[in-house]
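What follows is final.txt (compact mmCIF, C-alpha atoms and all ligand atoms).
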# COMPACT_ATOMS: atom_id res chain seq x y z
CA MET A 19 43.91 -76.73 14.24
CA VAL A 20 42.44 -78.13 11.02
CA PRO A 21 43.67 -81.43 9.54
CA ARG A 22 46.01 -81.23 6.55
CA ASN A 23 44.80 -82.15 3.08
CA PRO A 24 46.25 -85.69 3.03
CA HIS A 25 47.19 -85.39 -0.66
CA MET A 26 49.70 -82.64 0.17
CA ALA A 27 51.70 -85.20 2.09
CA HIS A 28 51.94 -87.32 -1.06
CA LEU A 29 53.96 -84.69 -2.90
CA THR A 30 57.53 -85.97 -3.09
CA ALA A 31 60.19 -84.02 -1.28
CA GLY A 32 61.00 -80.62 -2.68
CA TYR A 33 59.75 -79.12 -5.90
CA LEU A 34 62.60 -79.22 -8.39
CA PHE A 35 63.48 -75.52 -8.50
CA PRO A 36 63.58 -74.88 -4.74
CA GLU A 37 65.98 -77.83 -4.49
CA ILE A 38 68.22 -76.34 -7.20
CA ALA A 39 68.16 -73.01 -5.32
CA ARG A 40 69.14 -74.79 -2.08
CA ARG A 41 72.11 -76.53 -3.72
CA ARG A 42 73.16 -73.29 -5.37
CA ARG A 43 73.10 -71.42 -2.02
CA GLU A 44 75.12 -74.18 -0.40
CA PHE A 45 77.75 -74.05 -3.17
CA LEU A 46 78.01 -70.26 -2.91
CA ARG A 47 78.57 -70.50 0.85
CA SER A 48 81.77 -72.49 0.21
CA HIS A 49 82.67 -70.65 -3.06
CA PRO A 50 81.54 -67.03 -2.59
CA GLU A 51 83.74 -65.99 -5.54
CA ALA A 52 81.75 -68.08 -8.03
CA GLN A 53 79.81 -65.93 -10.52
CA LEU A 54 77.20 -68.51 -11.42
CA ILE A 55 75.35 -68.26 -14.74
CA SER A 56 71.93 -69.86 -14.89
CA LEU A 57 70.79 -71.85 -17.89
CA GLY A 58 68.45 -73.53 -15.49
CA ILE A 59 64.94 -72.20 -15.28
CA GLY A 60 62.65 -71.26 -18.13
CA ASN A 61 62.31 -67.64 -17.08
CA THR A 62 62.56 -64.97 -19.76
CA THR A 63 65.31 -62.35 -19.52
CA GLU A 64 64.88 -59.85 -22.37
CA PRO A 65 62.83 -56.64 -22.03
CA ILE A 66 59.31 -56.38 -23.38
CA THR A 67 59.53 -55.07 -26.94
CA PRO A 68 58.55 -51.45 -27.76
CA HIS A 69 55.15 -51.83 -29.47
CA ILE A 70 53.87 -54.21 -26.80
CA ASP A 71 55.36 -52.13 -24.00
CA LEU A 72 53.60 -49.03 -25.34
CA ALA A 73 50.26 -50.88 -25.35
CA LEU A 74 50.81 -51.85 -21.70
CA THR A 75 51.72 -48.33 -20.59
CA ASP A 76 48.86 -46.79 -22.61
CA ALA A 77 46.43 -49.23 -21.02
CA ALA A 78 47.74 -48.41 -17.55
CA ARG A 79 47.47 -44.68 -18.24
CA ARG A 80 43.88 -44.98 -19.50
CA LEU A 81 42.91 -46.61 -16.23
CA GLY A 82 43.85 -43.35 -14.53
CA THR A 83 41.17 -41.45 -16.44
CA ARG A 84 37.44 -41.32 -15.82
CA GLU A 85 36.63 -42.18 -19.46
CA GLY A 86 39.24 -44.92 -19.75
CA TYR A 87 38.72 -46.66 -16.43
CA THR A 88 37.38 -50.25 -16.48
CA GLY A 89 36.77 -52.59 -13.56
CA TYR A 90 36.08 -56.29 -13.86
CA GLY A 91 35.90 -57.47 -17.45
CA GLU A 92 34.50 -60.65 -18.95
CA GLU A 93 35.89 -63.69 -17.12
CA GLN A 94 36.55 -65.29 -20.53
CA GLY A 95 38.62 -62.31 -21.71
CA MET A 96 38.11 -59.31 -23.99
CA MET A 97 36.18 -60.39 -27.09
CA ALA A 98 38.58 -58.47 -29.36
CA LEU A 99 41.50 -60.46 -27.96
CA ARG A 100 39.64 -63.78 -28.21
CA GLU A 101 38.88 -63.00 -31.85
CA ARG A 102 42.47 -62.05 -32.58
CA ILE A 103 43.86 -65.20 -30.95
CA ALA A 104 41.49 -67.35 -33.05
CA GLN A 105 42.20 -65.43 -36.23
CA VAL A 106 45.94 -64.78 -36.01
CA LEU A 107 47.27 -67.76 -34.08
CA TYR A 108 44.96 -70.55 -35.24
CA ASN A 109 42.80 -70.01 -38.28
CA GLN A 110 45.70 -69.43 -40.67
CA LEU A 111 47.55 -72.63 -39.76
CA PRO A 112 47.66 -75.37 -42.41
CA GLY A 113 44.93 -77.97 -41.96
CA ILE A 114 43.37 -76.19 -38.97
CA ASP A 115 39.86 -77.07 -37.89
CA PRO A 116 38.78 -73.44 -37.36
CA ILE A 117 38.58 -72.04 -33.85
CA ALA A 118 35.65 -69.78 -32.91
CA PRO A 119 36.25 -66.85 -30.53
CA ASP A 120 33.92 -68.37 -27.91
CA GLU A 121 36.20 -71.43 -27.81
CA VAL A 122 39.08 -69.17 -26.68
CA PHE A 123 39.30 -68.45 -22.94
CA VAL A 124 41.88 -65.84 -21.96
CA SER A 125 43.71 -66.60 -18.72
CA ASP A 126 46.43 -65.40 -16.38
CA GLY A 127 48.76 -68.08 -17.74
CA ALA A 128 48.95 -71.69 -18.82
CA LYS A 129 50.03 -72.98 -15.42
CA CYS A 130 47.01 -71.42 -13.71
CA ASP A 131 44.73 -72.89 -16.37
CA ILE A 132 46.23 -76.35 -15.91
CA GLY A 133 45.36 -76.08 -12.20
CA ARG A 134 41.80 -75.03 -13.02
CA LEU A 135 41.48 -77.87 -15.57
CA GLN A 136 42.50 -80.26 -12.79
CA VAL A 137 39.66 -78.85 -10.68
CA LEU A 138 37.29 -79.24 -13.66
CA PHE A 139 38.07 -82.91 -14.29
CA GLY A 140 38.45 -83.87 -10.64
CA TYR A 141 40.25 -86.77 -9.04
CA HIS A 142 38.38 -89.72 -10.48
CA LEU A 143 39.94 -89.85 -13.97
CA PRO A 144 43.09 -91.86 -14.77
CA VAL A 145 45.99 -89.60 -15.76
CA ALA A 146 48.84 -90.19 -18.22
CA VAL A 147 51.87 -87.97 -18.70
CA GLN A 148 54.88 -87.95 -20.95
CA ASP A 149 57.87 -88.94 -18.88
CA PRO A 150 59.76 -86.60 -18.41
CA SER A 151 57.23 -83.77 -18.18
CA TYR A 152 56.57 -80.26 -16.91
CA PRO A 153 56.02 -80.90 -13.16
CA VAL A 154 52.59 -79.25 -12.84
CA TYR A 155 50.74 -82.05 -14.63
CA VAL A 156 51.81 -84.57 -12.01
CA ASP A 157 52.03 -82.38 -8.92
CA GLY A 158 48.63 -80.75 -9.58
CA SER A 159 47.13 -84.23 -10.01
CA VAL A 160 48.68 -85.25 -6.69
CA ILE A 161 47.18 -82.25 -4.88
CA ILE A 162 43.63 -82.98 -6.09
CA GLY A 163 43.99 -86.67 -5.20
CA ALA A 164 44.17 -88.03 -8.76
CA ALA A 165 47.67 -89.52 -8.52
CA GLY A 166 47.59 -92.02 -5.66
CA PRO A 167 50.54 -92.69 -3.40
CA TRP A 168 54.24 -92.40 -4.28
CA ASN A 169 55.84 -95.81 -4.67
CA GLY A 170 59.48 -94.75 -4.74
CA THR A 171 59.77 -94.20 -8.47
CA GLY A 172 56.40 -92.72 -9.45
CA TYR A 173 52.77 -92.23 -8.41
CA GLU A 174 50.65 -95.37 -8.54
CA GLY A 175 47.67 -93.67 -10.15
CA ILE A 176 49.67 -92.06 -12.96
CA THR A 177 50.62 -93.75 -16.20
CA TYR A 178 54.09 -92.60 -17.21
CA LEU A 179 54.74 -92.68 -20.95
CA PRO A 180 58.55 -92.77 -21.27
CA CYS A 181 60.04 -90.48 -23.92
CA THR A 182 63.58 -91.73 -24.42
CA ALA A 183 66.41 -91.60 -26.92
CA GLU A 184 65.29 -95.07 -28.10
CA ASN A 185 61.77 -93.94 -29.06
CA GLY A 186 62.84 -90.54 -30.41
CA TYR A 187 61.22 -88.83 -27.37
CA PHE A 188 57.73 -89.79 -28.55
CA PRO A 189 55.91 -92.25 -26.27
CA GLU A 190 54.40 -95.66 -26.87
CA LEU A 191 50.72 -94.74 -27.20
CA SER A 192 49.09 -98.10 -26.46
CA ARG A 193 49.59 -97.46 -22.73
CA ILE A 194 47.23 -94.46 -22.75
CA PRO A 195 44.42 -95.27 -20.29
CA SER A 196 40.75 -95.43 -21.29
CA LYS A 197 38.49 -92.53 -20.33
CA GLY A 198 41.38 -90.59 -18.86
CA LEU A 199 43.40 -87.41 -19.27
CA VAL A 200 46.63 -87.35 -21.28
CA TYR A 201 48.92 -84.38 -20.79
CA PHE A 202 50.97 -83.83 -23.92
CA CYS A 203 53.43 -80.99 -24.45
CA SER A 204 54.95 -80.05 -27.83
CA PRO A 205 57.44 -78.41 -28.27
CA ASN A 206 58.28 -80.30 -25.15
CA ASN A 207 59.51 -79.03 -21.85
CA PRO A 208 61.99 -80.47 -20.91
CA THR A 209 63.15 -82.56 -23.91
CA GLY A 210 62.80 -79.87 -26.59
CA ALA A 211 61.32 -82.53 -28.90
CA VAL A 212 58.56 -81.41 -31.27
CA ALA A 213 55.96 -83.96 -32.36
CA SER A 214 55.48 -84.38 -36.12
CA ARG A 215 52.10 -84.31 -37.82
CA ALA A 216 52.14 -88.12 -38.17
CA GLN A 217 52.92 -88.52 -34.46
CA LEU A 218 50.09 -86.18 -33.43
CA GLU A 219 47.72 -87.99 -35.81
CA ALA A 220 48.60 -91.25 -34.06
CA LEU A 221 48.07 -89.57 -30.66
CA VAL A 222 44.62 -88.24 -31.62
CA GLU A 223 43.62 -91.59 -33.08
CA GLU A 224 44.65 -93.50 -29.96
CA VAL A 225 43.00 -91.01 -27.60
CA ARG A 226 39.74 -91.12 -29.56
CA LYS A 227 39.86 -94.92 -29.57
CA LYS A 228 40.29 -94.89 -25.78
CA ARG A 229 37.57 -92.22 -25.33
CA SER A 230 40.12 -90.16 -23.43
CA LEU A 231 40.98 -86.45 -23.56
CA ILE A 232 44.25 -84.67 -24.37
CA ILE A 233 45.39 -81.58 -22.50
CA PHE A 234 47.77 -80.26 -25.13
CA ASP A 235 50.31 -77.76 -23.82
CA ALA A 236 51.51 -75.55 -26.68
CA ALA A 237 53.27 -72.92 -24.54
CA TYR A 238 56.34 -73.07 -26.84
CA ALA A 239 54.51 -73.21 -30.20
CA GLU A 240 55.91 -69.84 -31.30
CA PHE A 241 59.42 -71.29 -31.27
CA ILE A 242 58.58 -73.68 -34.10
CA ARG A 243 60.39 -72.66 -37.27
CA ASP A 244 60.01 -75.81 -39.38
CA PRO A 245 56.83 -75.17 -41.40
CA VAL A 246 55.89 -78.85 -41.53
CA LEU A 247 55.65 -79.17 -37.72
CA PRO A 248 52.16 -78.51 -36.28
CA LYS A 249 51.88 -75.55 -33.88
CA SER A 250 48.44 -76.58 -32.65
CA ILE A 251 46.73 -79.89 -31.96
CA TYR A 252 43.74 -78.59 -33.95
CA GLN A 253 45.76 -78.97 -37.14
CA ILE A 254 45.08 -82.68 -36.66
CA PRO A 255 41.67 -83.94 -37.89
CA GLY A 256 39.44 -85.05 -35.02
CA ALA A 257 41.33 -83.13 -32.32
CA LYS A 258 38.39 -80.81 -31.67
CA GLU A 259 36.50 -83.86 -30.36
CA CYS A 260 39.23 -84.94 -27.95
CA ALA A 261 41.59 -82.10 -27.00
CA ILE A 262 41.88 -78.93 -24.97
CA GLU A 263 44.87 -76.73 -25.77
CA VAL A 264 46.56 -74.51 -23.17
CA ASN A 265 48.86 -71.75 -24.32
CA SER A 266 50.72 -68.72 -23.07
CA PHE A 267 52.13 -65.30 -23.89
CA SER A 268 54.88 -65.89 -21.32
CA LYS A 269 57.69 -67.11 -23.51
CA PRO A 270 56.95 -65.61 -26.96
CA ILE A 271 56.63 -62.01 -25.70
CA GLY A 272 58.27 -62.14 -22.28
CA PHE A 273 55.02 -62.02 -20.28
CA THR A 274 56.26 -64.40 -17.58
CA GLY A 275 55.79 -61.60 -15.05
CA VAL A 276 52.90 -59.78 -16.76
CA ARG A 277 50.82 -63.02 -16.81
CA LEU A 278 48.63 -63.81 -19.80
CA GLY A 279 47.65 -67.01 -21.56
CA TRP A 280 44.64 -68.76 -23.01
CA SER A 281 42.98 -72.12 -23.39
CA ILE A 282 40.99 -73.46 -26.32
CA VAL A 283 38.00 -75.57 -25.25
CA PRO A 284 36.13 -76.63 -28.40
CA LYS A 285 32.34 -76.62 -28.35
CA THR A 286 32.44 -80.05 -30.03
CA LEU A 287 34.16 -81.55 -26.98
CA ARG A 288 31.65 -83.67 -25.03
CA TYR A 289 31.63 -85.83 -21.92
CA GLU A 290 30.45 -89.43 -22.23
CA ASP A 291 26.89 -88.31 -21.33
CA GLY A 292 26.91 -85.83 -24.23
CA THR A 293 27.13 -82.65 -22.13
CA SER A 294 29.47 -79.83 -23.09
CA VAL A 295 32.99 -79.47 -21.70
CA ASN A 296 33.05 -75.89 -23.02
CA ALA A 297 30.00 -75.03 -20.88
CA ASP A 298 31.60 -76.55 -17.78
CA TRP A 299 34.87 -74.73 -18.43
CA ASN A 300 32.94 -71.49 -18.74
CA ARG A 301 31.40 -72.27 -15.33
CA ILE A 302 34.85 -72.92 -13.82
CA CYS A 303 36.20 -69.64 -15.24
CA THR A 304 33.26 -67.60 -14.02
CA THR A 305 33.38 -69.25 -10.58
CA LEU A 306 37.10 -69.53 -9.80
CA PHE A 307 38.59 -66.81 -11.98
CA ASN A 308 37.75 -63.14 -12.42
CA GLY A 309 39.45 -62.59 -15.77
CA ALA A 310 43.00 -61.71 -16.78
CA SER A 311 44.40 -58.25 -16.08
CA ASN A 312 42.94 -55.66 -18.46
CA ILE A 313 46.41 -54.14 -18.91
CA ALA A 314 47.95 -57.52 -19.81
CA GLN A 315 45.16 -58.19 -22.29
CA GLN A 316 45.89 -54.94 -24.12
CA GLY A 317 49.53 -56.06 -24.33
CA GLY A 318 48.48 -59.43 -25.75
CA TYR A 319 46.18 -57.73 -28.24
CA ALA A 320 49.04 -55.49 -29.45
CA ALA A 321 51.33 -58.54 -29.71
CA LEU A 322 49.00 -60.02 -32.31
CA SER A 323 49.07 -56.91 -34.55
CA PRO A 324 51.50 -56.93 -37.50
CA LYS A 325 54.07 -54.86 -35.53
CA GLY A 326 53.64 -57.03 -32.44
CA LEU A 327 54.08 -60.22 -34.45
CA THR A 328 57.33 -58.89 -35.93
CA GLU A 329 58.60 -58.17 -32.42
CA MET A 330 57.50 -61.61 -31.21
CA ARG A 331 59.38 -63.23 -34.07
CA ARG A 332 62.52 -61.22 -33.29
CA LEU A 333 62.38 -62.13 -29.61
CA THR A 334 61.84 -65.84 -30.21
CA ASP A 335 64.62 -65.77 -32.85
CA PHE A 336 66.92 -64.29 -30.21
CA TYR A 337 66.28 -67.15 -27.77
CA LEU A 338 66.55 -69.70 -30.58
CA GLU A 339 70.01 -68.34 -31.42
CA ASN A 340 70.97 -68.84 -27.76
CA ALA A 341 69.69 -72.40 -28.05
CA ARG A 342 71.75 -72.95 -31.19
CA LEU A 343 74.92 -71.73 -29.42
CA ILE A 344 74.36 -74.03 -26.43
CA ARG A 345 73.58 -77.03 -28.58
CA ALA A 346 76.59 -76.42 -30.84
CA THR A 347 78.86 -76.24 -27.78
CA LEU A 348 77.53 -79.46 -26.31
CA THR A 349 77.73 -81.23 -29.67
CA GLU A 350 81.36 -80.11 -30.16
CA MET A 351 82.09 -81.53 -26.70
CA GLY A 352 80.75 -84.90 -27.87
CA ILE A 353 77.62 -84.73 -25.69
CA SER A 354 74.58 -86.09 -27.45
CA CYS A 355 71.58 -83.76 -27.26
CA VAL A 356 68.19 -83.00 -28.78
CA GLY A 357 65.97 -79.93 -28.91
CA GLY A 358 67.05 -76.33 -29.33
CA ASP A 359 66.05 -75.94 -32.97
CA ASN A 360 62.26 -75.49 -32.73
CA SER A 361 62.34 -75.09 -28.98
CA PRO A 362 64.22 -73.11 -26.32
CA TYR A 363 65.31 -76.23 -24.42
CA ILE A 364 68.25 -78.55 -25.03
CA TRP A 365 68.13 -82.02 -23.55
CA ALA A 366 71.61 -83.44 -23.06
CA HIS A 367 72.35 -87.10 -22.39
CA PHE A 368 74.98 -88.31 -19.94
CA PRO A 369 74.51 -92.10 -20.21
CA GLY A 370 74.94 -94.02 -16.97
CA ARG A 371 75.27 -90.87 -14.85
CA ASP A 372 72.93 -89.57 -12.15
CA SER A 373 71.33 -86.26 -13.21
CA TRP A 374 71.96 -84.57 -9.84
CA ASP A 375 75.64 -85.63 -9.94
CA VAL A 376 76.05 -84.11 -13.41
CA PHE A 377 74.19 -80.99 -12.22
CA SER A 378 76.68 -80.62 -9.32
CA GLN A 379 79.67 -81.29 -11.53
CA ILE A 380 78.59 -78.61 -14.04
CA MET A 381 77.95 -76.16 -11.19
CA GLU A 382 81.32 -76.85 -9.56
CA GLN A 383 83.53 -77.08 -12.67
CA CYS A 384 81.80 -74.58 -14.98
CA TRP A 385 79.88 -72.31 -12.59
CA VAL A 386 76.81 -72.90 -14.74
CA ILE A 387 73.40 -73.85 -13.35
CA CYS A 388 71.31 -76.26 -15.38
CA THR A 389 68.36 -78.49 -14.49
CA PRO A 390 68.70 -82.19 -13.61
CA GLY A 391 66.51 -84.23 -15.93
CA SER A 392 65.41 -86.62 -13.18
CA GLY A 393 63.45 -83.73 -11.64
CA PHE A 394 61.01 -84.03 -14.55
CA GLY A 395 60.23 -87.72 -14.09
CA PRO A 396 61.90 -91.14 -13.88
CA ALA A 397 62.84 -91.21 -17.61
CA GLY A 398 64.73 -87.93 -17.17
CA GLN A 399 67.46 -89.74 -15.23
CA SER A 400 70.92 -89.25 -16.84
CA PHE A 401 69.74 -86.14 -18.68
CA ILE A 402 70.31 -82.42 -18.13
CA ARG A 403 68.07 -79.65 -19.42
CA PHE A 404 69.69 -76.44 -20.64
CA SER A 405 67.44 -73.43 -21.10
CA ALA A 406 68.09 -70.81 -23.80
CA PHE A 407 66.49 -68.01 -21.76
CA GLY A 408 69.39 -65.70 -20.94
CA HIS A 409 71.25 -62.58 -22.01
CA ARG A 410 73.48 -63.28 -25.02
CA GLU A 411 76.72 -62.42 -23.19
CA ASP A 412 75.79 -64.82 -20.37
CA VAL A 413 75.00 -67.60 -22.81
CA GLU A 414 78.29 -67.04 -24.65
CA GLU A 415 80.22 -67.05 -21.37
CA ALA A 416 78.35 -70.17 -20.20
CA CYS A 417 79.28 -71.91 -23.46
CA ARG A 418 82.96 -71.03 -22.91
CA ARG A 419 82.80 -72.37 -19.37
CA LEU A 420 80.98 -75.57 -20.31
CA ARG A 421 84.14 -76.60 -22.18
CA ARG A 422 85.82 -77.01 -18.77
CA PHE A 423 83.52 -79.97 -18.08
CA ARG A 424 85.56 -83.17 -17.64
N1 LIG B 1 53.58 -75.04 -19.83
C1 LIG B 1 54.87 -75.32 -19.97
C2 LIG B 1 55.26 -76.53 -20.73
C3 LIG B 1 55.84 -74.50 -19.39
O1 LIG B 1 57.13 -74.82 -19.50
C4 LIG B 1 55.44 -73.37 -18.66
C5 LIG B 1 56.42 -72.49 -18.01
O2 LIG B 1 57.58 -72.71 -17.92
C6 LIG B 1 54.09 -73.12 -18.54
C7 LIG B 1 53.17 -73.97 -19.13
C8 LIG B 1 53.61 -71.97 -17.71
O3 LIG B 1 53.19 -70.93 -18.48
P1 LIG B 1 52.58 -69.61 -17.84
O4 LIG B 1 53.69 -68.68 -17.55
O5 LIG B 1 51.66 -69.13 -18.91
O6 LIG B 1 51.83 -70.00 -16.60

Take the structure in the file and write it out as structure tokens.
Amino acid sequence: MVPRNPHMAHLTAGYLFPEIARRRREFLRSHPEAQLISLGIGNTTEPITPHIDLALTDAARRLGTREGYTGYGEEQGMMALRERIAQVLYNQLPGIDPIAPDEVFVSDGAKCDIGRLQVLFGYHLPVAVQDPSYPVYVDGSVIIGAAGPWNGTGYEGITYLPCTAENGYFPELSRIPSKGLVYFCSPNNPTGAVASRAQLEALVEEVRKKRSLIIFDAAYAEFIRDPVLPKSIYQIPGAKECAIEVNSFSKPIGFTGVRLGWSIVPKTLRYEDGTSVNADWNRICTTLFNGASNIAQQGGYAALSPKGLTEMRRLTDFYLENARLIRATLTEMGISCVGGDNSPYIWAHFPGRDSWDVFSQIMEQCWVICTPGSGFGPAGQSFIRFSAFGHREDVEEACRRLRRFR
């Protein structure tokens, strides 16, 4: 048989969510009566809204007609959708450096694009991540050989930028490596923290000084309600020379299963030899990707119409109200937490406790599943992430049960 890719062996035991599922199954074996409620994963629960749903079904129906049938489309996405993303989601934001449609690349989701970006940049660049962070930044880097070996607390080739209660969940920037990649997520998964304009200005300044590149993950931008908080990195002067933004329709319109996202790769973004990152990304998309589903793209296009935007707002408001309920419950219980106001995640602190122990205690006492913070990186130890993605009655019941926590 063939030898194994040696980097696969460097992945630390168990991806976070399979491990949660294993513990949950084990608990249910001894407590079959437990009706567990999950505030654990970031999966959407509410149905696709009517205007967007109609666009999906119309698109599917058209495919069944000779006149309406289309096969492969442009790998970069439908031009009408690229234009609408640029126009509706970017070019009206305060301070935005305008985005051109050919800087928008439609994808089958932000996670898939992060994987393809890792292929684009390869294994030879130093990598920095916020700690804690969405696991794909680190695990994808491990798989391509960019992370080095595991040393018991972290990967040797990765610079962890701790985001803690002490620094207001915004990292110390001086540790950003030179000529490397910095993954930065705001609103953040898992902490729920949203970087201010001043913080993002400092990030862009430091990254430009270090001649590095930001991969800015804005998958939760549509949950931002405070008008002074930036929704895009391109609202920061100079970001078009140092940042790629990945984004997604998954959470704002419930497309977690439909699959649709996009990345912005500015034409002004250059490698050290002056060649174009946009041109290389186009090459990656045309080589490794055959374009997002034509049905999904029609759904995304409808979501950015006035009716679609109203539905998107209503749906994100719904999850934000869940977040408010969870955060209010935890706060009343005297548990200190952040997030949940411009983000669907609440990050709760249990000082001195092990995250997995708190996870088990909440599962056993409250029959609620959450996510142990340590699964997102060393600085997540002693934290628990609560997700606001759930039916309202489940969230209300979970809040009642959380009060049993002792
Ligand atoms: N980025 C972040 C920060 C996420 O939390 C998620 C999903 O939970 C994704 C990206 C994945 O998005 P998509 O469904 O578009 O692949």

What residues have any atom no more than 9 Å from ligand LIG 1 (chain B) when counting only C-alpha atoms and all ligand atoms, and can you list them as a ChimeraX atom specification? /A:59-61,125-132,151-154,203-208,235-238,264-269,273-280

By how many Å are CA of Tyr319 in chain A and CA of Met96 in chain A apart? 9.3 Å

Within 12 Å of range 156-179 of chain A, which residues of range 185-213 of chain A come that close, and what is the closest atom pair and distance in Å for each? Count only C-alpha atoms and give it as JSON lines.
{"residue": "A:Asn185", "atom": "CA", "partner": "A:Leu179", "partner_atom": "CA", "distance": 10.8}
{"residue": "A:Tyr187", "atom": "CA", "partner": "A:Leu179", "partner_atom": "CA", "distance": 9.9}
{"residue": "A:Phe188", "atom": "CA", "partner": "A:Leu179", "partner_atom": "CA", "distance": 8.7}
{"residue": "A:Pro189", "atom": "CA", "partner": "A:Leu179", "partner_atom": "CA", "distance": 5.5}
{"residue": "A:Glu190", "atom": "CA", "partner": "A:Leu179", "partner_atom": "CA", "distance": 6.6}
{"residue": "A:Leu191", "atom": "CA", "partner": "A:Leu179", "partner_atom": "CA", "distance": 7.7}
{"residue": "A:Ser192", "atom": "CA", "partner": "A:Leu179", "partner_atom": "CA", "distance": 9.6}
{"residue": "A:Arg193", "atom": "CA", "partner": "A:Leu179", "partner_atom": "CA", "distance": 7.2}
{"residue": "A:Ile194", "atom": "CA", "partner": "A:Thr177", "partner_atom": "CA", "distance": 7.4}
{"residue": "A:Pro195", "atom": "CA", "partner": "A:Thr177", "partner_atom": "CA", "distance": 7.6}
{"residue": "A:Ser196", "atom": "CA", "partner": "A:Thr177", "partner_atom": "CA", "distance": 11.2}
{"residue": "A:Gly198", "atom": "CA", "partner": "A:Thr177", "partner_atom": "CA", "distance": 10.1}
{"residue": "A:Leu199", "atom": "CA", "partner": "A:Ile176", "partner_atom": "CA", "distance": 10.0}
{"residue": "A:Val200", "atom": "CA", "partner": "A:Thr177", "partner_atom": "CA", "distance": 9.1}
{"residue": "A:Tyr201", "atom": "CA", "partner": "A:Val156", "partner_atom": "CA", "distance": 9.2}
{"residue": "A:Phe202", "atom": "CA", "partner": "A:Leu179", "partner_atom": "CA", "distance": 10.1}

Identify the residues within 10 Å of coordinate (75.0, -71.5, -6.6) (same frame as the file), considering all atoms listed in the file, and give the answer as a PyMOL selection string. chain A and resi 38-50+52-56+378+381-382+385-387

Rounded to one decimal in Å, what is the spacing between CA of His25 in chain A and CA of Trp299 in chain A? 24.1 Å

For a quick check of understanding, using only C-alpha atoms, which of A:Val376, A:Ile271, A:Leu322, A:Ile353 has the smallest distance to Ile66 in chain A? A:Ile271
